[in-house]
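Shown next: data.tsv, given as TSV, C-alpha atoms and all ligand atoms.
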```
chain	number	residue	atom	x	y	z
B	1	MET	CA	23.84	-30.33	6.17
B	2	ARG	CA	24.90	-33.58	4.64
B	3	ALA	CA	27.61	-33.69	1.98
B	4	ASN	CA	25.03	-33.66	-0.78
B	5	GLU	CA	22.77	-30.97	0.74
B	6	PHE	CA	23.02	-27.24	0.15
B	7	ARG	CA	21.20	-24.18	1.37
B	8	ALA	CA	19.84	-22.35	-1.67
B	9	TRP	CA	17.49	-19.63	-2.81
B	10	PHE	CA	14.69	-20.73	-5.07
B	11	PHE	CA	12.96	-18.44	-7.57
B	12	SER	CA	9.86	-20.16	-8.92
B	13	GLY	CA	9.72	-17.89	-11.96
B	14	ARG	CA	6.02	-17.31	-11.28
B	15	ASP	CA	6.50	-14.54	-8.73
B	16	GLY	CA	9.46	-12.40	-7.74
B	17	GLU	CA	9.80	-14.06	-4.37
B	18	ALA	CA	12.94	-15.86	-3.36
B	19	ALA	CA	12.33	-18.82	-1.08
B	20	ALA	CA	14.93	-20.31	1.22
B	21	VAL	CA	15.17	-24.01	0.34
B	22	VAL	CA	17.47	-26.97	0.66
B	23	MET	CA	18.81	-28.42	-2.56
B	24	ARG	CA	19.86	-32.01	-2.51
B	25	VAL	CA	21.88	-33.86	-5.11
B	26	ASP	CA	20.11	-37.17	-4.79
B	27	GLY	CA	21.63	-39.87	-6.95
B	28	GLU	CA	21.16	-38.51	-10.45
B	29	ARG	CA	18.43	-36.07	-9.46
B	30	VAL	CA	18.16	-32.57	-8.11
B	31	VAL	CA	15.63	-32.34	-5.30
B	32	VAL	CA	14.37	-29.03	-3.93
B	33	GLU	CA	12.86	-29.13	-0.48
B	34	ALA	CA	11.11	-26.34	1.38
B	35	THR	CA	12.41	-25.64	4.89
B	36	ASP	CA	9.61	-27.75	6.33
B	37	GLY	CA	10.86	-30.74	4.35
B	38	THR	CA	8.20	-30.87	1.64
B	39	VAL	CA	9.57	-31.62	-1.84
B	40	ARG	CA	8.92	-28.73	-4.22
B	41	GLU	CA	10.84	-29.95	-7.27
B	42	SER	CA	12.62	-33.09	-8.37
B	43	GLU	CA	14.35	-33.37	-11.72
B	44	PRO	CA	17.03	-35.50	-13.34
B	45	LEU	CA	20.44	-33.77	-13.37
B	46	THR	CA	20.58	-34.34	-17.13
B	47	THR	CA	17.71	-31.92	-17.81
B	48	VAL	CA	18.79	-28.97	-15.65
B	49	MET	CA	21.01	-26.14	-16.89
B	50	MET	CA	23.91	-25.01	-14.74
B	51	SER	CA	26.03	-21.89	-14.88
B	52	GLU	CA	29.77	-22.42	-14.86
B	53	PRO	CA	31.47	-22.43	-11.49
B	54	PHE	CA	33.26	-19.24	-10.42
B	55	ASP	CA	35.14	-18.82	-7.18
B	56	HIS	CA	33.15	-15.92	-5.83
B	57	ALA	CA	29.74	-16.17	-7.48
B	58	PRO	CA	26.85	-18.49	-6.65
B	59	ARG	CA	25.92	-21.17	-9.15
B	60	LEU	CA	22.63	-20.75	-11.01
B	61	ILE	CA	20.74	-23.94	-11.67
B	62	THR	CA	17.74	-23.60	-13.98
B	63	LEU	CA	15.11	-26.29	-13.75
B	64	ARG	CA	12.92	-27.49	-16.59
B	65	SER	CA	9.89	-26.25	-14.60
B	66	GLY	CA	11.20	-22.68	-15.09
B	67	GLY	CA	12.39	-22.27	-11.50
B	68	THR	CA	15.94	-21.21	-10.72
B	69	LEU	CA	18.15	-22.12	-7.80
B	70	GLU	CA	20.94	-19.92	-6.55
B	71	VAL	CA	23.44	-22.08	-4.73
B	72	GLU	CA	26.71	-21.08	-3.08
B	73	GLU	CA	29.75	-23.00	-4.29
B	74	GLU	CA	30.90	-23.40	-0.67
B	75	GLY	CA	34.57	-23.71	-1.54
B	76	GLY	CA	34.04	-26.38	-4.14
B	77	ARG	CA	31.69	-28.57	-2.05
B	78	LEU	CA	28.94	-28.18	-4.66
B	79	ALA	CA	31.31	-28.98	-7.54
B	80	ARG	CA	32.45	-32.12	-5.70
B	81	ALA	CA	28.88	-33.27	-5.05
B	82	LEU	CA	27.97	-32.73	-8.71
B	83	ALA	CA	31.10	-34.58	-9.83
B	84	ARG	CA	30.16	-37.51	-7.59
B	85	ALA	CA	26.74	-37.52	-9.24
B	86	GLY	CA	28.42	-37.77	-12.63
B	87	VAL	CA	27.98	-34.20	-13.90
B	88	ALA	CA	30.80	-33.58	-16.38
B	89	VAL	CA	32.85	-30.39	-16.16
B	90	SER	CA	32.80	-28.41	-19.42
B	91	PRO	CA	36.06	-28.26	-21.46
B	92	VAL	CA	36.15	-24.47	-21.06
B	93	VAL	CA	36.10	-24.82	-17.29
B	94	GLN	CA	38.75	-27.54	-17.41
B	95	LEU	CA	40.94	-25.30	-19.53
B	96	ARG	CA	40.42	-22.40	-17.18
B	97	ARG	CA	41.63	-24.47	-14.28
B	98	TRP	CA	44.79	-25.45	-16.07
B	99	TRP	CA	47.19	-22.61	-15.23
B	100	PRO	CA	49.39	-22.77	-18.37
B	101	ALA	CA	46.22	-22.21	-20.40
B	102	VAL	CA	45.38	-19.22	-18.21
B	103	LEU	CA	48.88	-17.82	-18.77
B	104	VAL	CA	48.65	-18.36	-22.52
B	105	ALA	CA	45.27	-16.63	-22.62
B	106	LEU	CA	46.63	-13.73	-20.55
B	107	ALA	CA	49.74	-13.40	-22.72
B	108	GLY	CA	47.51	-13.48	-25.80
B	109	LEU	CA	45.35	-10.72	-24.40
B	110	ILE	CA	48.35	-8.54	-23.53
B	111	ALA	CA	49.80	-9.12	-27.02
B	112	LEU	CA	46.49	-8.20	-28.62
B	113	VAL	CA	46.15	-4.98	-26.61
B	114	SER	CA	49.77	-4.02	-27.33
B	115	LEU	CA	49.33	-4.75	-31.01
B	116	ALA	CA	46.17	-2.67	-31.11
B	117	TYR	CA	48.07	0.14	-29.43
B	118	LEU	CA	51.26	-0.08	-31.46
B	119	LYS	CA	49.82	-0.95	-34.85
B	120	GLY	CA	46.20	0.06	-34.51
B	121	LEU	CA	46.83	3.62	-33.39
B	122	PRO	CA	49.29	4.51	-36.17
B	123	LEU	CA	47.03	2.81	-38.69
B	124	ALA	CA	44.02	4.73	-37.47
B	125	ALA	CA	46.02	7.99	-37.46
B	126	HIS	CA	47.16	7.31	-41.02
B	127	TRP	CA	43.61	6.62	-42.13
B	128	VAL	CA	42.26	9.76	-40.50
B	129	ALA	CA	45.15	11.95	-41.76
B	130	ASP	CA	44.49	10.90	-45.35
B	131	ARG	CA	40.85	11.90	-44.98
B	132	LEU	CA	41.24	15.02	-42.89
B	133	PRO	CA	39.96	18.10	-44.74
B	134	ALA	CA	42.88	20.22	-45.95
B	135	GLY	CA	41.43	23.17	-44.05
B	136	ILE	CA	41.68	21.36	-40.71
B	137	GLU	CA	45.21	20.19	-41.43
B	138	GLY	CA	46.22	23.70	-42.45
B	139	ARG	CA	44.67	25.20	-39.35
B	140	LEU	CA	46.48	22.69	-37.16
B	141	GLY	CA	49.83	23.60	-38.72
B	142	ASP	CA	49.14	27.33	-38.55
B	143	GLN	CA	48.20	27.11	-34.86
B	144	MET	CA	51.38	25.21	-34.15
B	145	LEU	CA	53.40	27.84	-36.00
B	146	VAL	CA	51.67	30.63	-34.06
B	147	ALA	CA	52.66	28.87	-30.82
B	148	LEU	CA	56.27	28.45	-31.96
B	149	ASP	CA	56.45	32.04	-33.20
B	150	ARG	CA	55.12	33.41	-29.93
B	151	HIS	CA	57.41	31.54	-27.61
B	152	TYR	CA	60.30	29.97	-29.47
B	153	LEU	CA	61.10	31.21	-32.96
B	154	GLY	CA	62.35	34.58	-34.16
B	155	PRO	CA	62.75	36.08	-37.61
B	156	SER	CA	65.51	34.83	-39.88
B	157	GLN	CA	68.65	36.98	-39.99
B	158	PHE	CA	69.31	36.18	-43.64
B	159	ASP	CA	68.44	38.92	-46.09
B	160	ALA	CA	65.25	38.70	-48.11
B	161	GLU	CA	67.09	38.37	-51.40
B	162	TRP	CA	69.00	35.30	-50.24
B	163	ARG	CA	65.87	33.72	-48.80
B	164	GLU	CA	63.96	34.29	-52.01
B	165	ARG	CA	66.70	32.70	-54.05
B	166	LEU	CA	66.77	29.57	-51.89
B	167	ALA	CA	62.96	29.41	-51.87
B	168	ARG	CA	62.93	29.58	-55.68
B	169	ARG	CA	65.61	26.93	-55.96
B	170	PHE	CA	63.64	24.67	-53.63
B	171	ALA	CA	60.38	25.37	-55.46
B	172	ASP	CA	61.93	24.38	-58.79
B	173	ALA	CA	63.38	21.21	-57.31
B	174	ALA	CA	60.06	20.34	-55.61
B	175	THR	CA	58.14	20.85	-58.86
B	176	LYS	CA	60.52	18.46	-60.55
B	177	ALA	CA	60.75	15.79	-57.86
B	178	ALA	CA	57.38	15.97	-56.13
B	179	PRO	CA	54.83	17.93	-58.13
B	180	GLY	CA	51.55	18.38	-56.30
B	181	VAL	CA	52.94	18.22	-52.77
B	182	PRO	CA	51.66	21.46	-51.25
B	183	TYR	CA	54.10	23.13	-48.88
B	184	ARG	CA	54.96	26.60	-47.58
B	185	LEU	CA	58.56	27.42	-46.76
B	186	GLU	CA	59.18	29.60	-43.70
B	187	PHE	CA	62.54	30.99	-42.55
B	188	ARG	CA	63.10	31.43	-38.83
B	189	ALA	CA	65.84	31.55	-36.22
B	190	THR	CA	66.17	30.76	-32.53
B	191	SER	CA	68.24	32.69	-30.02
B	192	GLU	CA	70.40	29.65	-29.27
B	193	GLU	CA	71.11	29.10	-32.98
B	194	SER	CA	69.29	25.76	-33.13
B	195	ILE	CA	70.31	23.54	-36.01
B	196	ASN	CA	66.97	22.36	-37.23
B	197	ALA	CA	64.22	22.20	-39.79
B	198	PHE	CA	60.74	20.80	-39.37
B	199	ALA	CA	57.47	20.19	-41.12
B	200	LEU	CA	54.12	21.05	-39.57
B	201	PRO	CA	50.71	19.66	-40.52
B	202	GLY	CA	49.34	21.17	-43.70
B	203	GLY	CA	52.77	21.51	-45.33
B	204	VAL	CA	54.50	24.31	-43.41
B	205	VAL	CA	58.25	23.67	-43.70
B	206	ILE	CA	60.37	25.70	-41.29
B	207	VAL	CA	64.10	26.04	-41.78
B	208	LEU	CA	66.20	27.67	-39.09
B	209	ASP	CA	69.18	29.92	-39.74
B	210	GLY	CA	71.28	27.64	-37.55
B	211	LEU	CA	70.72	24.73	-39.89
B	212	VAL	CA	71.55	26.76	-43.00
B	213	ARG	CA	74.81	27.94	-41.39
B	214	PHE	CA	75.68	24.47	-40.19
B	215	ALA	CA	74.93	22.88	-43.56
B	216	GLY	CA	77.13	25.46	-45.26
B	217	ASP	CA	76.35	24.14	-48.69
B	218	GLU	CA	73.17	24.87	-50.67
B	219	ALA	CA	72.94	21.26	-51.86
B	220	ALA	CA	72.99	20.13	-48.23
B	221	VAL	CA	70.20	22.57	-47.32
B	222	LEU	CA	68.19	21.30	-50.27
B	223	GLY	CA	68.70	17.74	-49.04
B	224	VAL	CA	67.35	18.69	-45.62
B	225	LEU	CA	64.42	20.52	-47.21
B	226	GLY	CA	63.78	17.46	-49.39
B	227	HIS	CA	63.67	15.40	-46.19
B	228	GLU	CA	61.11	17.80	-44.69
B	229	LEU	CA	59.10	17.71	-47.92
B	230	GLY	CA	59.01	13.95	-47.47
B	231	HIS	CA	57.40	14.45	-44.05
B	232	VAL	CA	54.85	16.70	-45.76
B	233	ALA	CA	54.17	14.26	-48.60
B	234	TYR	CA	53.56	11.40	-46.17
B	235	ARG	CA	51.58	13.61	-43.77
B	236	HIS	CA	53.89	12.50	-40.96
B	237	SER	CA	53.22	15.56	-38.78
B	238	THR	CA	49.46	15.21	-39.00
B	239	ARG	CA	49.69	11.49	-38.31
B	240	GLN	CA	52.01	12.16	-35.40
B	241	VAL	CA	49.64	14.73	-33.90
B	242	LEU	CA	46.69	12.38	-34.33
B	243	GLN	CA	48.43	9.50	-32.62
B	244	SER	CA	50.04	11.41	-29.82
B	245	VAL	CA	47.51	13.93	-28.54
B	246	GLY	CA	44.00	13.13	-27.36
B	247	VAL	CA	40.85	14.34	-29.06
B	248	GLY	CA	40.35	17.00	-26.42
B	249	MET	CA	43.87	18.34	-26.90
B	250	LEU	CA	43.41	18.25	-30.67
B	251	ALA	CA	40.25	20.34	-30.37
B	252	GLY	CA	42.15	22.73	-28.09
B	253	MET	CA	44.92	23.04	-30.68
B	254	LEU	CA	42.40	23.74	-33.42
B	255	TRP	CA	39.98	26.06	-31.70
B	256	GLY	CA	41.22	26.78	-28.18
B	257	ASP	CA	43.79	29.21	-26.83
B	258	PHE	CA	46.47	26.62	-27.45
B	259	SER	CA	49.18	29.00	-28.58
B	260	GLY	CA	48.74	31.29	-25.59
B	261	THR	CA	50.99	29.48	-23.17
B	262	ALA	CA	54.70	28.72	-23.46
B	263	ALA	CA	53.82	25.13	-22.57
B	264	SER	CA	52.55	24.69	-26.12
B	265	VAL	CA	56.14	24.75	-27.42
B	266	PRO	CA	57.40	21.53	-25.80
B	267	LEU	CA	54.14	19.93	-26.89
B	268	VAL	CA	54.68	20.89	-30.54
B	269	LEU	CA	58.34	19.88	-30.46
B	270	GLY	CA	57.50	16.65	-28.67
B	271	VAL	CA	54.88	15.77	-31.25
B	272	LEU	CA	57.46	16.26	-34.02
B	273	LYS	CA	59.75	13.57	-32.66
B	274	TYR	CA	59.09	11.02	-35.36
B	275	SER	CA	59.48	7.30	-35.36
B	276	ARG	CA	62.35	5.52	-37.09
B	277	GLY	CA	60.02	4.50	-39.90
B	278	PHE	CA	58.96	8.09	-40.57
B	279	GLU	CA	62.55	9.34	-40.62
B	280	ARG	CA	63.62	6.61	-42.99
B	281	GLU	CA	60.74	7.40	-45.33
B	282	ALA	CA	61.70	11.08	-45.27
B	283	ASP	CA	65.38	10.23	-45.90
B	284	ASP	CA	64.41	8.04	-48.86
B	285	PHE	CA	62.25	10.89	-50.11
B	286	ALA	CA	65.20	13.29	-49.78
B	287	ILE	CA	67.46	10.92	-51.73
B	288	ALA	CA	64.90	10.58	-54.55
B	289	PHE	CA	64.37	14.36	-54.43
B	290	LEU	CA	68.09	15.05	-54.84
B	291	ARG	CA	68.51	12.44	-57.56
B	292	ALA	CA	65.56	13.78	-59.56
B	293	ASN	CA	67.32	17.15	-59.56
B	294	GLU	CA	70.75	15.71	-60.25
B	295	ILE	CA	72.06	17.12	-56.99
B	296	SER	CA	74.75	15.12	-55.23
B	297	ILE	CA	73.63	13.21	-52.11
B	298	GLU	CA	77.05	13.68	-50.56
B	299	PRO	CA	76.51	17.09	-48.93
B	300	PHE	CA	73.29	15.81	-47.33
B	301	TYR	CA	75.12	12.75	-46.08
B	302	ASP	CA	77.89	14.96	-44.80
B	303	VAL	CA	75.41	17.03	-42.75
B	304	LEU	CA	74.09	13.87	-41.10
B	305	VAL	CA	77.62	12.72	-40.25
B	306	ARG	CA	78.57	16.09	-38.80
B	307	LEU	CA	75.34	16.16	-36.78
B	308	VAL	CA	76.24	12.83	-35.20
B	309	GLU	CA	79.72	14.05	-34.36
B	310	ARG	CA	78.26	17.17	-32.82
B	311	GLU	CA	75.66	15.18	-30.91
B	312	GLU	CA	78.37	12.92	-29.55
B	313	ARG	CA	80.35	15.93	-28.39
B	314	ARG	CA	77.41	17.66	-26.75
B	315	GLY	CA	75.53	14.72	-25.33
B	316	ILE	CA	71.79	14.44	-25.80
B	317	ALA	CA	70.32	16.41	-28.67
B	318	THR	CA	67.66	18.75	-27.44
B	319	LEU	CA	66.04	19.38	-30.77
B	320	PRO	CA	63.20	17.62	-32.46
B	321	ASP	CA	62.92	16.14	-35.90
B	322	PHE	CA	65.99	16.66	-37.93
B	323	ILE	CA	68.49	15.72	-35.30
B	324	SER	CA	65.99	13.85	-33.23
B	325	THR	CA	67.75	11.23	-31.14
B	326	HIS	CA	64.75	9.00	-31.48
B	327	PRO	CA	65.58	7.25	-34.73
B	328	SER	CA	69.27	6.76	-34.31
B	329	LEU	CA	71.23	9.07	-36.55
B	330	ALA	CA	73.90	6.43	-37.02
B	331	GLU	CA	71.29	4.13	-38.52
B	332	ARG	CA	70.07	6.90	-40.83
B	333	ILE	CA	73.59	7.65	-41.93
B	334	GLU	CA	74.17	4.04	-42.84
B	335	HIS	CA	70.94	4.07	-44.82
B	336	VAL	CA	71.83	7.23	-46.73
B	337	PHE	CA	75.38	5.93	-47.22
B	338	LYS	CA	73.95	2.92	-49.08
B	339	ALA	CA	72.17	5.30	-51.45
B	340	LEU	CA	75.39	7.20	-51.85
B	341	ASP	CA	77.10	4.00	-52.87
B	342	GLU	CA	74.63	3.13	-55.61
V	1	ZN	ZN	62.71	14.17	-40.17
```

Produce structure tokens that represent the structure in this file.
Amino acid sequence: MRANEFRAWFFSGRDGEAAAVVMRVDGERVVVEATDGTVRESEPLTTVMMSEPFDHAPRLITLRSGGTLEVEEEGGRLARALARAGVAVSPVVQLRRWWPAVLVALAGLIALVSLAYLKGLPLAAHWVADRLPAGIEGRLGDQMLVALDRHYLGPSQFDAEWRERLARRFADAATKAAPGVPYRLEFRATSEESINAFALPGGVVIVLDGLVRFAGDEAAVLGVLGHELGHVAYRHSTRQVLQSVGVGMLAGMLWGDFSGTAASVPLVLGVLKYSRGFEREADDFAIAFLRANEISIEPFYDVLVRLVEREERRGIATLPDFISTHPSLAERIEHVFKALDE
């Protein structure tokens, strides 16, 4: 084979047969010769269409006659022959060969995928949560509560009278500060006296005995409940579930035997570890909630400070939501402190 000759397959376009031929770049023409040397086609290079060169794929050259040639690149030998004949390389191909451009394109792609994941998923979850039928949301929360009740939570040790009084106080405050936010307050306890409160999809707000004892002050408990009501108002739990479990898992939680296994508990608690943004929104909600009811923010602030001190003493917090380590408590304290200052 001479430098300008290439073995190729020729498809005439009239039948499905592929014929072994020799393609020659002859001056400014493409010449196709059968193996016996007879010329089958001859066309100016300017009228043929060529696929872009790729390292590991043959080049397709479409002739005006309708025939197509499949030619191996042969490590760039074809590209060199075409270049000698004056065939210009397309700007896209030139760009692709320039490695900084490849890096930029790759970085752009990674950024786009990350953005879609980081921003797109929460956005989609928000959109879906706002349109989810209340029945589905309620069922989701109830199923999660069933799972927690079976394997993690126990009944509250506080007497019914006390619970009713707090529930009424909270209901009055909620009516004043956030009318129309549907919630259901549930009192529970854990054997290890967990200091926590959390909101489940559909508006279930759970407050644990441990938190009430730790808070000590009713205003502080109301601040925490206001924070949880914020999670309800913004549908944080539903959004969190939507963006952290797959569709299959979601279906399992809604209609499967989700609550049957103890493994459902870490899943529920894991899902309730909110982002910084969610916690800040809930804290702002709590502040507005307390202000609307002319309750001092100080006891709520004090609870946050004491939680940090306790967390520092004990190491990693093992509980979700309220003392979640995820959005740094120190940052939240600073935020609430600013409100305290105003
Ligand atoms: Zn929270």

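Minimum distance to ligand ZN 1 (chain V) across B:Glu298, B:Asp283, B:Asp257, B:Glu311 (counting only C-alpha atoms and all ligand atoms) occurs at B:Asp283.
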
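Between CA of Tyr152 in chain B and CA of Val268 in chain B the interatomic distance comes to 10.7 Å.
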
Around ligand ZN 1 (chain V), at most 10 Å away and counting all atoms listed in the file, which residues are there? Put them as a compact mmCIF listing (two decimals) with C-alpha atoms, keeping the file's coordinate frame, please.
```txt
# COMPACT_ATOMS: atom_id res chain seq x y z
CA ASN B 196 66.97 22.36 -37.23
CA ALA B 197 64.22 22.20 -39.79
CA PHE B 198 60.74 20.80 -39.37
CA ALA B 199 57.47 20.19 -41.12
CA VAL B 224 67.35 18.69 -45.62
CA LEU B 225 64.42 20.52 -47.21
CA GLY B 226 63.78 17.46 -49.39
CA HIS B 227 63.67 15.40 -46.19
CA GLU B 228 61.11 17.80 -44.69
CA LEU B 229 59.10 17.71 -47.92
CA GLY B 230 59.01 13.95 -47.47
CA HIS B 231 57.40 14.45 -44.05
CA VAL B 232 54.85 16.70 -45.76
CA HIS B 236 53.89 12.50 -40.96
CA SER B 237 53.22 15.56 -38.78
CA LEU B 272 57.46 16.26 -34.02
CA LYS B 273 59.75 13.57 -32.66
CA TYR B 274 59.09 11.02 -35.36
CA SER B 275 59.48 7.30 -35.36
CA ARG B 276 62.35 5.52 -37.09
CA PHE B 278 58.96 8.09 -40.57
CA GLU B 279 62.55 9.34 -40.62
CA ARG B 280 63.62 6.61 -42.99
CA GLU B 281 60.74 7.40 -45.33
CA ALA B 282 61.70 11.08 -45.27
CA ASP B 283 65.38 10.23 -45.90
CA ALA B 286 65.20 13.29 -49.78
CA PRO B 320 63.20 17.62 -32.46
CA ASP B 321 62.92 16.14 -35.90
CA PHE B 322 65.99 16.66 -37.93
CA ILE B 323 68.49 15.72 -35.30
CA SER B 324 65.99 13.85 -33.23
CA PRO B 327 65.58 7.25 -34.73
```

Seminar exercise, completed: Here CA of Asp209 in chain B and CA of Arg188 in chain B stand apart by 6.3 Å

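If you measure from each of B:Ala3, B:Val303, B:Ala219, B:Leu290 to Ile195 in chain B using all atoms listed in the file, the closest one turns out to be B:Val303.
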
Exercise. Taking into account all atoms listed in the file, which residue in the set B:Met23, B:Ala178, B:Leu82, B:Val204 is nearest to Gln143 in chain B?
Worked result: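 Using all atoms listed in the file, the shortest distance to Gln143 in chain B belongs to B:Val204.
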
For this session: Would you work out the distance separating CA of Ile287 in chain B from CA of Arg239 in chain B, expressed in Å to one decimal?
Result: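 Atom-to-atom, CA of Ile287 in chain B to CA of Arg239 in chain B, that is 22.3 Å.
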
Seminar exercise, completed: Using all atoms listed in the file, the best pick from B:Asp15, B:Trp98, B:Val32, B:Phe289 as closest to Asp172 in chain B would be B:Phe289

Problem set entry | Closest of B:Gly135, B:Val207, B:Leu60, B:Phe187 to Glu164 in chain B - atom-to-atom distances counting only C-alpha atoms | B:Phe187

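Considering all atoms listed in the file, the residue among B:Leu208, B:Ala129, B:Pro182, B:Glu5 positioned nearest to Arg163 in chain B is B:Leu208.
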
Around range 107-119 of chain B, fit a box with edges along x, y and z, padding it by 4 Å on each side, then list its centre and edge lengths in Å to one decimal as lines of an AutoDock Vina configuration file.
```
center_x = 48.3
center_y = -6.7
center_z = -28.8
size_x = 13.9
size_y = 21.6
size_z = 20.1
```

Exercise. Using only C-alpha atoms, which residues sit within 7 Å of range 336-341 of chain B once same-chain residues fewer than 2 positions away are excluded, as JSON, numbers by chain?
Worked result: {"B": [297, 298, 301, 332, 333, 334]}

I'd like the neighbourhood of Ser259 in chain B as a PDB file with C-alpha atoms, in the frame of the given file, where a residue qualifies if any of its atoms comes within 12 Å (using only C-alpha atoms), though same-chain residues fewer than 3 positions away should be ignored.
```
ATOM      1  CA  LEU B 140      46.480  22.690 -37.160  1.00  0.00           C
ATOM      2  CA  GLY B 141      49.830  23.600 -38.720  1.00  0.00           C
ATOM      3  CA  ASP B 142      49.140  27.330 -38.550  1.00  0.00           C
ATOM      4  CA  GLN B 143      48.200  27.110 -34.860  1.00  0.00           C
ATOM      5  CA  MET B 144      51.380  25.210 -34.150  1.00  0.00           C
ATOM      6  CA  LEU B 145      53.400  27.840 -36.000  1.00  0.00           C
ATOM      7  CA  VAL B 146      51.670  30.630 -34.060  1.00  0.00           C
ATOM      8  CA  ALA B 147      52.660  28.870 -30.820  1.00  0.00           C
ATOM      9  CA  LEU B 148      56.270  28.450 -31.960  1.00  0.00           C
ATOM     10  CA  ASP B 149      56.450  32.040 -33.200  1.00  0.00           C
ATOM     11  CA  ARG B 150      55.120  33.410 -29.930  1.00  0.00           C
ATOM     12  CA  HIS B 151      57.410  31.540 -27.610  1.00  0.00           C
ATOM     13  CA  TYR B 152      60.300  29.970 -29.470  1.00  0.00           C
ATOM     14  CA  GLY B 252      42.150  22.730 -28.090  1.00  0.00           C
ATOM     15  CA  MET B 253      44.920  23.040 -30.680  1.00  0.00           C
ATOM     16  CA  LEU B 254      42.400  23.740 -33.420  1.00  0.00           C
ATOM     17  CA  TRP B 255      39.980  26.060 -31.700  1.00  0.00           C
ATOM     18  CA  GLY B 256      41.220  26.780 -28.180  1.00  0.00           C
ATOM     19  CA  ALA B 262      54.700  28.720 -23.460  1.00  0.00           C
ATOM     20  CA  ALA B 263      53.820  25.130 -22.570  1.00  0.00           C
ATOM     21  CA  SER B 264      52.550  24.690 -26.120  1.00  0.00           C
ATOM     22  CA  VAL B 265      56.140  24.750 -27.420  1.00  0.00           C
ATOM     23  CA  PRO B 266      57.400  21.530 -25.800  1.00  0.00           C
ATOM     24  CA  LEU B 267      54.140  19.930 -26.890  1.00  0.00           C
ATOM     25  CA  VAL B 268      54.680  20.890 -30.540  1.00  0.00           C
TER      26      VAL B 268
END
```

For this session: Do a neighbour search on Thr46 in chain B at 12 Å with all atoms listed in the file, toss out local chain neighbours closer than 6 positions, and write the hits as a VMD selection string.
Result: chain B and resid 27 to 30 61 to 64 82 85 to 88

Please reconstruct the missing atoms of range 99-112 of chain B (target: N, CA and C atoms) and return them as a tab-separated table (two decimals), keeping the file's coordinate frame.
```
chain	number	residue	atom	x	y	z
B	99	TRP	N	46.54	-23.93	-15.26
B	99	TRP	CA	47.19	-22.61	-15.23
B	99	TRP	C	48.00	-22.24	-16.46
B	100	PRO	N	48.68	-23.21	-17.15
B	100	PRO	CA	49.39	-22.77	-18.37
B	100	PRO	C	48.42	-22.17	-19.40
B	101	ALA	N	47.21	-22.73	-19.46
B	101	ALA	CA	46.22	-22.21	-20.40
B	101	ALA	C	45.82	-20.78	-20.02
B	102	VAL	N	45.72	-20.56	-18.69
B	102	VAL	CA	45.38	-19.22	-18.21
B	102	VAL	C	46.49	-18.24	-18.60
B	103	LEU	N	47.73	-18.68	-18.43
B	103	LEU	CA	48.88	-17.82	-18.77
B	103	LEU	C	48.90	-17.51	-20.26
B	104	VAL	N	48.65	-18.55	-21.06
B	104	VAL	CA	48.65	-18.36	-22.52
B	104	VAL	C	47.56	-17.37	-22.90
B	105	ALA	N	46.38	-17.52	-22.31
B	105	ALA	CA	45.27	-16.63	-22.62
B	105	ALA	C	45.62	-15.19	-22.23
B	106	LEU	N	46.26	-15.05	-21.06
B	106	LEU	CA	46.63	-13.73	-20.55
B	106	LEU	C	47.69	-13.09	-21.45
B	107	ALA	N	48.68	-13.91	-21.83
B	107	ALA	CA	49.74	-13.40	-22.72
B	107	ALA	C	49.13	-12.99	-24.06
B	108	GLY	N	48.19	-13.79	-24.54
B	108	GLY	CA	47.51	-13.48	-25.80
B	108	GLY	C	46.78	-12.17	-25.72
B	109	LEU	N	46.12	-11.95	-24.59
B	109	LEU	CA	45.35	-10.72	-24.40
B	109	LEU	C	46.28	-9.50	-24.36
B	110	ILE	N	47.39	-9.64	-23.62
B	110	ILE	CA	48.35	-8.54	-23.53
B	110	ILE	C	48.92	-8.23	-24.92
B	111	ALA	N	49.24	-9.30	-25.67
B	111	ALA	CA	49.80	-9.12	-27.02
B	111	ALA	C	48.80	-8.39	-27.91
B	112	LEU	N	47.54	-8.79	-27.79
B	112	LEU	CA	46.49	-8.20	-28.62
B	112	LEU	C	46.32	-6.71	-28.31
```
